Structure formats: C-alpha cells, structure tokens
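J.: Quick one: structure below, then a few questions.
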Amino acid sequence: MSPHTLMTIGQQFERRSWAEPWKIKMVEPLNIISREDREKALINAGFNTFLLRSEDVYIDLLTDSGTGAMSDRQWAGMMLGDEAYAGSRNFYHLEAAVQDFYGYSYVVPTHQGRGAEHLISQAAIKPGQFVPGNMYFTTTRLHQELAGGIFVDVIIDEAHDPQILHPFKGNIDLEKLESLIKREGAEKIAYVSVAGTVNMAGGQPVSMANIKALREMTDKNGIKLYLDATRMVENAFFIQERESGYADKPIAEILKEFCSFTDGAWMSAKKDNLVNIGGWLAVNDRELFEELRNLVVVYEGLHTYGGLAGRDMEAMAIGIAESVHDEHIFSRIGQVRYLGELLTTWGIPIVHPVGGHAIFLDAKAFYPHLKQIEFPAQTLAAELYLDSGIRSMERGIASAGRNAETGDHNYPKLELTRLTIPRRVYTQAHMDVVAESVRAAFENRGKTRGLKMVYEPKYLRFFQARFERI
Ligand SMILES: *Cc1c(COP(=O)(O)O)cnc(C)c1O
C-alpha cells in the first residue's frame with residue numbers, strides 16, 4: 001500500500017482513536033480448525049458452547065471471567081507468594097487493597113465470586129425472606145434461593161427493553177422496592193442486592209443518584225444494602241461519562257464514593273480485578289464479619305487464604321490497583337464499544353446502549369421465525385462457532401432456568417447471545433474478524449433452524465445442558 005493510500009484511509013476517520021495503555025510482551029498462538037471439524041466438535045458438545053474444548057475455539061468470547069491477561073507486575077507478584085497456611089503476607093496486601101480502593105472495613109478472601117455469594121447468603125438471609133435486586137444473576141440468585149431467600153426483580157422496566165437508550169438501565173426502581181417493603185414489611189427483606197453494571201441486562205450501569213436514593217430508602221426502613229462489586233469499576237466509568245458532576249473525578253474516587261453508600265460487597269475478582277482466579281467479601285459490620293470469617297473456614301479455607309494460594313492473593317492486590325486506572329478502563333470499554341459500533345453500522349440488532357464488558361446480540365430479532373422454546377440465543381451461539389470458531393454464550397431461556405414453584409421454563413424478555421470481551425487479551429483486528437462473522441450469521445438468519453434441549457441438569461442448566469437441531 002502506498003503512503004498515499006494510507007493517508008486517504010486515515011482521512012476517512014474524523015475522531016481521534018484510543019489505544020491500549022500497554023504493549024504486548026508475550027504471545028499465545030491461536031488454533032483454527034476446519035469447518036468440518038467444528039461441525040463435529042459442536043455435535044459432540046451438544047450445541048452448548050460451554051461443552052466445547054478450548055483447543056477447538058479460535059477467538060474465545062465465552063466469558064470475561066478469569067480470562068484476562070495479567071500484567072508483568074502481577075506476574076512478578078506471583079513470584080512473591082507467601083504460601084504459609086496462616087497469616088500469609090499476601091492476604092494483608094489484599095486486605096489493604098480492598099480497604100483502600102473499595103473502602104470497606106473487613107475483608108474475607110474466597111476462591112471466586114460464588115464462594116463469597118454463598119457465605120453472605122447463608123449469613124444474611126433467613127428462610128422465607130425476600131431479596132430484591134436489580135435483575136438476577138445466575139449464581140447470585142441460586143445462592144440466595146439455596147439459603148431460603150426469594151429473589152424479587154426490582155430493576156427499572158427500561159432494562160428489559162434492548163432498544164431503549166437509557167443511560168442507567170441498571171437502576172433500581174424505587175417504587176417497586178417501596179411497594180415490596182410496604183406489602184411484606186421491612187423485617188421480611190433480608191437485604192437489597194444491587195449489582196454494579198448489570199450483566200444480564202447487557203452490562204448496564206447504576207447511577208450515583210440511584211444508589212444514594214436507595215441508601216436513604218433502606219436506612220429509613222432499617223434494611224441492609226449489599227453490592228455485587230464484580231463489575232463496579234466499569235460502572236464507575238459510566239458514571240464518569242454520563243452523570244453530571246463526575247466528568248472530572250477519577251475512576252478510583254467514583255468507585256469509593258459509590259461503595260460508601262453500601263454496607264458491604266462481594267466480588268468475583270476474575271472480572272474487574274484482573275486475575276485468573278479469586279474473589280472476596282467485605283463488610284463494615286463487625287458482628288457479621290465474625291460470622292463470615294467463621295463460615296469461610298467451613299467452605300473455602302482459613303480466613304487468611306479462603307481457597308486461594310498466596311500468589312493468587314498478591315496478583316489480586318496488584319490487579320485491584322491496576323483496575324482503577326482511568327486509561328485502563330477507558331481502553332477496556334473503548335474496545336467493547338468499537339465492536340458494538342461496527343455491528344450497529346451494519347444494522348445488526350444488539351442491546352443498546354453498549355455496556356461495559358460485552359456485546360449482546362438480540363437473538364429474538366435475528367430469528368423472528370423461531371419460538372423462544374427453540375432456543376434462539378443458543379442457536380445463534382452455535383451458528384457463530386460454525387461460521388468462524390468464535391465462542392459466545394447464551395443469555396436467554398436456557399440461562400433463565402425454571403420457575404421453582406411451577407416447574408415451567410422461565411421465559412425472559414431478553415433472549416441474547418453474549419460476545420464477552422476478555423480484558424487486555426484481543427486486538428482490534430480480532431474485533432473486526434468477530435464482527436464479520438456476526439454479519440455472516442445475520443445474512444444467513446432466514447435459513448437457520450432452532451434447537452431442542454435433550455439433557456437438562458438440575459442446577460444452572462445452561463452450563464451443561466445438551467441440545468440437538470430441530
Ligand atoms: C461472575 C459473576 C459472579 C460469580 O462469580 P464467579 O467468580 O464466577 O463465581 C457474580 N456476579 C456477577 C455480576 C458476575 O459477573
């Protein structure tokens with residue numbers, strides 16, 4: 001290409017580009033298998049992308065959980081692991097990082113997010129109590145239900161519509177919450193469970209105004225407020241971008257302010273905190289902490305390692321500090337947005353506005369000829385894999401499971417296929433390849449047949465269910 005051609009291409013872009021605030025020091029080769037082999041692999045996996053072998057996957061957008069790239073600092077930290085059974089130095093680094101950046105008083109390490117969800121659910125829910133939340137998350141709701149709690153969705157209605165451009169679609173509907181409190185009584189509410197950037201709604205944020213108002217309402221009624229902080233750093237980015245008064249505040253400051261309105265948080269550190277494994281639980285109440293610190297010994301490990309190696313806690317402590325750098329979060333969300341803008345330009349139906357960690361393809365709009373029970377989102381994930389070896393996942397009827405009382409399928413309004421972007425792993429060129437594969441599936445949409453479920457596990461069925469083509 002002559003310099004002249006390059007210049008012409010460059011001039012087509014009006015905006016100034018962002019770029020990753022890092023360079024690549026080590027690479028991992030990708031594997032591409034043939035379409036025939038992908039067909040075989042998909043049948044072997046029962047059309048469930050969770051059952052594919054990673055070797056058979058080209059670009060892996062199954063999840064952003066534990067799939068990020070650690071920095072050279074974090075890898076150096078791994079070599080400083082203090083693998084003592086009790087009182088590891090790395091635990092104290094982790095404790096200090098959570099206290100500094102999230103602002104809670106007491107910290108319990110866990111092996112990952114659901115370990116923390118298990119502990120808080122057991123400690124803070126009495127059987128028969130309600131747990132209102134801004135849309136469910138799979139593992140969160142399951143642990144709340146296993147503890148005898150009854151989940152109630154109190155997210156604003158806009159969250160259930162993939163096309164409404166509300167800036168804070170993760171917000172809690174305060175009227176829905178208030179009427180629940182009035183109807184059932186405050187003592188029947190275990191706590192309010194609020195998630196920063198709501199995964200199942202498409203990575204949609206909660207505003208600072210909403211959490212403040214929520215704090216007022218819960219205080220008035222003597223109800224605790226706990227945060228699923230898994231993606232709270234990404235949420236802080238959206239507050240900085242969209243809420244008045246926050247444009248000049250650093251991400252770290254916004255994060256801490258938001259957390260200050262809550263009584264505690266649980267964390268899957270495999271997401272925002274930039275590690276391959278780890279989690280934590282943090283609270284301000286001394287008595288609750290004593291109980292959690294006792295429970296962690298039963299289910300995870302001693303309270304200074306919680307199922308983790310010392311080196312993992314060190315990497316987490318460093319990851320927490322890296323995760324709140326403004327340039328990091330800007331490029332993280334910039335990459336997701338790049339993919340979203342490309343697809344939107346091509347007229348492909350996705351959830352708007354584009355959220356923090358993933359692009360959600362609207363499978364109902366892809367396949368209007370499929371009934372929801374023919375698993376449109378699962379079908380789209382299978383089609384993408386066949387086309388290019390890209391792995392995505394279902395967030396629709398399979399993920400929603402069954403109603404605990406009636407035994408019927410839950411029929412969620414949103415039927416989505418998620419392209420989840422791991423942190424610091426893929427390049428913009430990979431995003432182009434992904435977008436082109438989605439376009440190919442979209443062009444082929446009229447010819448696509450749905451699936452039927454032929455094996456259904458009891459818990460979190462989407463992980464291990466098997467399907468066949470209709
Ligand atoms: C991933 C996730 C969890 C569960 O964490 P794990 O580390 O996978 O056990 C909980 N809440 C949210 C919002 C998540 O994204």
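We name chains A, B, ... following the order of the structure tokens; residues begin at 1 in each chain, and ligands are numbered from 1 as shown.
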Taking 5 positions as the minimum chain separation for residues in the same chain, which residues sit within 10 Å of Gly113 (chain A) when counting only C-alpha atoms? Answer as a tab-separated table (two decimals) with N, CA, C and O atoms, in the first residue's frame.
T.:
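Dumped to part27.tsv:
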chain	number	residue	atom	x	y	z
A	118	HIS	N	-22.13	-17.40	48.43
A	118	HIS	CA	-22.59	-18.46	49.31
A	118	HIS	C	-22.55	-17.99	50.77
A	118	HIS	O	-23.53	-18.10	51.51
A	139	THR	N	-25.58	-17.18	39.47
A	139	THR	CA	-25.05	-17.76	40.71
A	139	THR	C	-25.56	-17.00	41.93
A	139	THR	O	-25.79	-17.59	42.98
A	140	THR	N	-25.73	-15.68	41.78
A	140	THR	CA	-26.19	-14.87	42.92
A	140	THR	C	-27.57	-15.33	43.36
A	140	THR	O	-27.80	-15.61	44.54
A	228	ASP	N	-23.01	-6.26	44.62
A	228	ASP	CA	-22.23	-7.19	43.81
A	228	ASP	C	-21.23	-6.30	43.06
A	228	ASP	O	-21.57	-5.65	42.07
A	229	ALA	N	-19.99	-6.26	43.56
A	229	ALA	CA	-19.00	-5.30	43.06
A	229	ALA	C	-18.18	-5.84	41.89
A	229	ALA	O	-17.24	-5.19	41.42
A	230	THR	N	-18.58	-7.01	41.38
A	230	THR	CA	-17.83	-7.70	40.33
A	230	THR	C	-17.42	-6.77	39.18
A	230	THR	O	-16.31	-6.84	38.69
A	266	TRP	N	-19.68	-8.26	47.64
A	266	TRP	CA	-18.97	-9.48	47.25
A	266	TRP	C	-18.37	-9.26	45.87
A	266	TRP	O	-18.85	-8.42	45.11
A	267	MET	N	-17.35	-10.04	45.57
A	267	MET	CA	-16.56	-9.76	44.37
A	267	MET	C	-16.12	-11.03	43.67
A	267	MET	O	-15.58	-11.92	44.32
A	268	SER	N	-16.35	-11.09	42.37
A	268	SER	CA	-15.65	-12.06	41.54
A	268	SER	C	-14.45	-11.33	40.97
A	268	SER	O	-14.58	-10.57	40.01
A	269	ALA	N	-13.29	-11.54	41.56
A	269	ALA	CA	-12.08	-10.80	41.15
A	269	ALA	C	-11.60	-11.22	39.77
A	269	ALA	O	-10.72	-10.58	39.19
A	270	LYS	N	-12.22	-12.28	39.23
A	270	LYS	CA	-11.90	-12.77	37.89
A	270	LYS	C	-12.37	-11.79	36.82
A	270	LYS	O	-12.07	-11.95	35.65
A	271	LYS	N	-13.16	-10.80	37.22
A	271	LYS	CA	-13.65	-9.81	36.26
A	271	LYS	C	-12.82	-8.53	36.42
A	271	LYS	O	-11.65	-8.54	36.08
A	277	ILE	N	-8.08	-16.21	38.91
A	277	ILE	CA	-8.93	-16.84	39.93
A	277	ILE	C	-8.91	-15.97	41.20
A	277	ILE	O	-7.87	-15.39	41.51
A	278	GLY	N	-10.03	-15.90	41.89
A	278	GLY	CA	-10.06	-15.18	43.16
A	278	GLY	C	-11.37	-14.45	43.38
A	278	GLY	O	-12.15	-14.22	42.45
A	279	GLY	N	-11.61	-14.12	44.63
A	279	GLY	CA	-12.80	-13.37	44.99
A	279	GLY	C	-12.64	-12.85	46.41
A	279	GLY	O	-11.66	-13.17	47.08
A	280	TRP	N	-13.57	-12.02	46.83
A	280	TRP	CA	-13.56	-11.56	48.22
A	280	TRP	C	-14.94	-11.08	48.63
A	280	TRP	O	-15.82	-10.85	47.79
A	281	LEU	N	-15.06	-10.95	49.94
A	281	LEU	CA	-16.29	-10.47	50.54
A	281	LEU	C	-15.84	-9.43	51.55
A	281	LEU	O	-14.87	-9.66	52.26
J.: Which residues in region 139-360 of chain A does DSSP call helix (DSSP H, G or I)? List them as a PyMOL selection string.
T.: chain A and resi 139-146+157-160+174-184+186-188+199-201+208-221+232-242+251-259+286-299+310-323+326-345
J.: Which residues, written as JSON, numbers by chain, have at least one atom at most 9 Å from Asn210 (chain A), with only C-alpha atoms counted and residues fewer than 2 positions away on the same chain left out?
T.: {"A": [171, 172, 173, 174, 206, 207, 208, 212, 213, 214, 215]}
J.: Can you list, as a PyMOL selection string, every protein, DNA or RNA residue that comes within 12 Å of Lys188 (chain A) when you count only C-alpha atoms, leaving out same-chain residues fewer than 3 positions away?
T.: chain A and resi 124-132+149-150+180-185+191-192+221-224
J.: Per residue of region 86-199 of chain A within 12 Å of region 458-470 of chain A, which atom pair is closest and at what distance in Å (one decimal), using only C-alpha atoms, listed by chain and increasing number, as CSV?
T.:
residue,atom,partner,partner_atom,distance
A:Phe137,CA,A:Leu460,CA,10.8
A:Thr138,CA,A:Leu460,CA,7.0
A:Thr139,CA,A:Leu460,CA,7.7
A:Thr140,CA,A:Leu460,CA,11.1
A:Arg141,CA,A:Leu460,CA,10.4
A:Leu142,CA,A:Leu460,CA,8.1
A:His143,CA,A:Tyr459,CA,10.9
A:Glu145,CA,A:Tyr459,CA,11.5
A:Leu146,CA,A:Tyr459,CA,10.8
J.: When distances are computed from only C-alpha atoms, which of A:Ala86, A:Ile156, A:Met79, A:Ala69 shows the smallest separation from Pro422 (chain A)?
T.: A:Ala69
J.: For CA of Asp153 (chain A) and CA of Gly133 (chain A), determine how far apart the two atoms are, in Å to one decimal place.
T.: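 Computed distance, CA of Asp153 (chain A) to CA of Gly133 (chain A), equals 5.3 Å.
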J.: Using only C-alpha atoms, which protein or nucleic acid residues come within 8 Å of Met393 (chain A)? Drop anything in the same chain fewer than 3 positions from it, and give the result as a PDB file with C-alpha atoms, in the first residue's frame.
T.:
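Once written, part.pdb looks like this:
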ATOM      1  CA  THR A  49     -20.514 -23.691  23.778  1.00  0.00           C
ATOM      2  CA  PHE A  50     -19.666 -24.426  27.449  1.00  0.00           C
ATOM      3  CA  LEU A  61     -15.652 -14.702  23.847  1.00  0.00           C
ATOM      4  CA  LEU A  62     -17.453 -17.144  26.112  1.00  0.00           C
ATOM      5  CA  THR A  63     -16.821 -15.035  29.173  1.00  0.00           C
ATOM      6  CA  ALA A 377     -29.809 -17.383  21.513  1.00  0.00           C
ATOM      7  CA  GLN A 378     -28.323 -20.852  21.945  1.00  0.00           C
ATOM      8  CA  ALA A 381     -24.053 -19.095  19.568  1.00  0.00           C
ATOM      9  CA  THR A 417     -26.203 -14.111  22.725  1.00  0.00           C
ATOM     10  CA  ARG A 418     -23.246 -12.605  24.515  1.00  0.00           C
ATOM     11  CA  LEU A 419     -19.887 -11.782  22.959  1.00  0.00           C
TER      12      LEU A 419
END
J.: Calculated over only C-alpha atoms and all ligand atoms, which of the candidates A:Glu158, A:Asp432, A:Asp272, A:Asp219 has the smallest distance to ligand 1?
T.: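 Closest candidate: A:Asp272.
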J.: Between A:Ala209, A:Ala84, A:Ile164, A:Ile329, which residue has the minimum interatomic distance to Trp18 (chain A), considering only C-alpha atoms?
T.: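 Closest to Trp18 (chain A) of all the choices is A:Ile329.
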J.: Ranking A:Ala441, A:Ala96, A:Ala358, A:Leu343 by minimum distance to ligand 1 and counting only C-alpha atoms and all ligand atoms, which one comes first?
T.: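 Closest candidate: A:Ala358.
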J.: For Phe289 (chain A), list every protein, DNA or RNA residue within 12 Å, evaluated using only C-alpha atoms, and leave out those in the same chain fewer than 2 positions away; present the list as a PDB file with N, CA and C atoms, in the first residue's frame.
T.:
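Just written: result09.pdb:
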ATOM      1  N   TYR A 104     -14.273  -0.676  52.368  1.00  0.00           N
ATOM      2  CA  TYR A 104     -14.933  -1.449  53.434  1.00  0.00           C
ATOM      3  C   TYR A 104     -13.935  -1.785  54.548  1.00  0.00           C
ATOM      4  N   SER A 105     -14.473  -2.085  55.726  1.00  0.00           N
ATOM      5  CA  SER A 105     -13.600  -2.287  56.891  1.00  0.00           C
ATOM      6  C   SER A 105     -12.994  -3.689  56.980  1.00  0.00           C
ATOM      7  N   TYR A 106     -13.822  -4.714  56.729  1.00  0.00           N
ATOM      8  CA  TYR A 106     -13.364  -6.086  56.994  1.00  0.00           C
ATOM      9  C   TYR A 106     -13.421  -6.917  55.714  1.00  0.00           C
ATOM     10  N   VAL A 107     -12.397  -7.750  55.504  1.00  0.00           N
ATOM     11  CA  VAL A 107     -12.253  -8.465  54.235  1.00  0.00           C
ATOM     12  C   VAL A 107     -12.073  -9.967  54.470  1.00  0.00           C
ATOM     13  N   VAL A 108     -12.837 -10.758  53.703  1.00  0.00           N
ATOM     14  CA  VAL A 108     -12.703 -12.215  53.741  1.00  0.00           C
ATOM     15  C   VAL A 108     -12.385 -12.690  52.320  1.00  0.00           C
ATOM     16  N   PRO A 109     -11.265 -13.372  52.104  1.00  0.00           N
ATOM     17  CA  PRO A 109     -10.966 -13.870  50.748  1.00  0.00           C
ATOM     18  C   PRO A 109     -11.774 -15.123  50.441  1.00  0.00           C
ATOM     19  N   LEU A 119     -21.403 -17.418  51.172  1.00  0.00           N
ATOM     20  CA  LEU A 119     -21.229 -17.006  52.571  1.00  0.00           C
ATOM     21  C   LEU A 119     -22.206 -15.894  52.969  1.00  0.00           C
ATOM     22  N   ILE A 120     -22.314 -14.860  52.147  1.00  0.00           N
ATOM     23  CA  ILE A 120     -23.190 -13.741  52.521  1.00  0.00           C
ATOM     24  C   ILE A 120     -24.648 -14.204  52.542  1.00  0.00           C
ATOM     25  N   ALA A 123     -25.259 -16.178  55.708  1.00  0.00           N
ATOM     26  CA  ALA A 123     -25.182 -15.373  56.932  1.00  0.00           C
ATOM     27  C   ALA A 123     -26.310 -14.348  57.034  1.00  0.00           C
ATOM     28  N   ALA A 124     -26.805 -13.859  55.893  1.00  0.00           N
ATOM     29  CA  ALA A 124     -27.690 -12.690  55.964  1.00  0.00           C
ATOM     30  C   ALA A 124     -29.136 -12.954  55.538  1.00  0.00           C
ATOM     31  N   ASP A 263     -23.408  -1.396  52.540  1.00  0.00           N
ATOM     32  CA  ASP A 263     -22.926  -1.972  53.800  1.00  0.00           C
ATOM     33  C   ASP A 263     -21.846  -3.023  53.602  1.00  0.00           C
ATOM     34  N   GLY A 264     -21.640  -3.407  52.346  1.00  0.00           N
ATOM     35  CA  GLY A 264     -20.640  -4.431  52.081  1.00  0.00           C
ATOM     36  C   GLY A 264     -20.755  -4.867  50.640  1.00  0.00           C
ATOM     37  N   ALA A 265     -19.849  -5.764  50.212  1.00  0.00           N
ATOM     38  CA  ALA A 265     -19.853  -6.182  48.820  1.00  0.00           C
ATOM     39  C   ALA A 265     -19.243  -7.568  48.687  1.00  0.00           C
ATOM     40  N   LEU A 281     -15.060 -10.949  49.937  1.00  0.00           N
ATOM     41  CA  LEU A 281     -16.290 -10.469  50.538  1.00  0.00           C
ATOM     42  C   LEU A 281     -15.840  -9.432  51.546  1.00  0.00           C
ATOM     43  N   ALA A 282     -16.519  -8.281  51.578  1.00  0.00           N
ATOM     44  CA  ALA A 282     -16.080  -7.233  52.505  1.00  0.00           C
ATOM     45  C   ALA A 282     -17.301  -6.563  53.112  1.00  0.00           C
ATOM     46  N   VAL A 283     -17.275  -6.328  54.398  1.00  0.00           N
ATOM     47  CA  VAL A 283     -18.408  -5.709  55.093  1.00  0.00           C
ATOM     48  C   VAL A 283     -17.904  -4.694  56.116  1.00  0.00           C
ATOM     49  N   ASN A 284     -18.830  -3.871  56.578  1.00  0.00           N
ATOM     50  CA  ASN A 284     -18.475  -2.883  57.599  1.00  0.00           C
ATOM     51  C   ASN A 284     -18.925  -3.299  58.999  1.00  0.00           C
ATOM     52  N   ASP A 285     -19.844  -4.262  59.053  1.00  0.00           N
ATOM     53  CA  ASP A 285     -20.416  -4.679  60.329  1.00  0.00           C
ATOM     54  C   ASP A 285     -19.514  -5.734  60.981  1.00  0.00           C
ATOM     55  N   ARG A 286     -19.007  -5.408  62.164  1.00  0.00           N
ATOM     56  CA  ARG A 286     -18.039  -6.268  62.849  1.00  0.00           C
ATOM     57  C   ARG A 286     -18.626  -7.653  63.173  1.00  0.00           C
ATOM     58  N   GLU A 287     -19.886  -7.637  63.619  1.00  0.00           N
ATOM     59  CA  GLU A 287     -20.502  -8.898  64.037  1.00  0.00           C
ATOM     60  C   GLU A 287     -20.726  -9.839  62.844  1.00  0.00           C
ATOM     61  N   GLU A 291     -19.017 -13.679  61.786  1.00  0.00           N
ATOM     62  CA  GLU A 291     -19.727 -14.866  61.313  1.00  0.00           C
ATOM     63  C   GLU A 291     -19.179 -15.335  59.953  1.00  0.00           C
ATOM     64  N   LEU A 292     -18.924 -14.373  59.076  1.00  0.00           N
ATOM     65  CA  LEU A 292     -18.409 -14.724  57.748  1.00  0.00           C
ATOM     66  C   LEU A 292     -17.026 -15.342  57.854  1.00  0.00           C
ATOM     67  N   ARG A 293     -16.230 -14.794  58.766  1.00  0.00           N
ATOM     68  CA  ARG A 293     -14.871 -15.293  58.949  1.00  0.00           C
ATOM     69  C   ARG A 293     -14.893 -16.710  59.505  1.00  0.00           C
ATOM     70  N   ASN A 294     -15.968 -17.010  60.238  1.00  0.00           N
ATOM     71  CA  ASN A 294     -16.128 -18.354  60.754  1.00  0.00           C
ATOM     72  C   ASN A 294     -16.619 -19.299  59.655  1.00  0.00           C
ATOM     73  N   LEU A 295     -17.601 -18.851  58.875  1.00  0.00           N
ATOM     74  CA  LEU A 295     -18.151 -19.679  57.802  1.00  0.00           C
ATOM     75  C   LEU A 295     -17.119 -19.997  56.722  1.00  0.00           C
ATOM     76  N   VAL A 296     -16.226 -19.057  56.450  1.00  0.00           N
ATOM     77  CA  VAL A 296     -15.268 -19.268  55.351  1.00  0.00           C
ATOM     78  C   VAL A 296     -14.375 -20.472  55.642  1.00  0.00           C
ATOM     79  N   HIS A 303      -9.364 -18.116  57.077  1.00  0.00           N
ATOM     80  CA  HIS A 303      -9.779 -16.748  56.731  1.00  0.00           C
ATOM     81  C   HIS A 303      -8.648 -15.882  56.185  1.00  0.00           C
TER      82      HIS A 303
END
J.: Which is closest to ligand 1 among A:Ile189, A:Ile348, A:Ile32, A:Met232, if we use only C-alpha atoms and all ligand atoms?
T.: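 Using only C-alpha atoms and all ligand atoms, the shortest distance to ligand 1 belongs to A:Met232.
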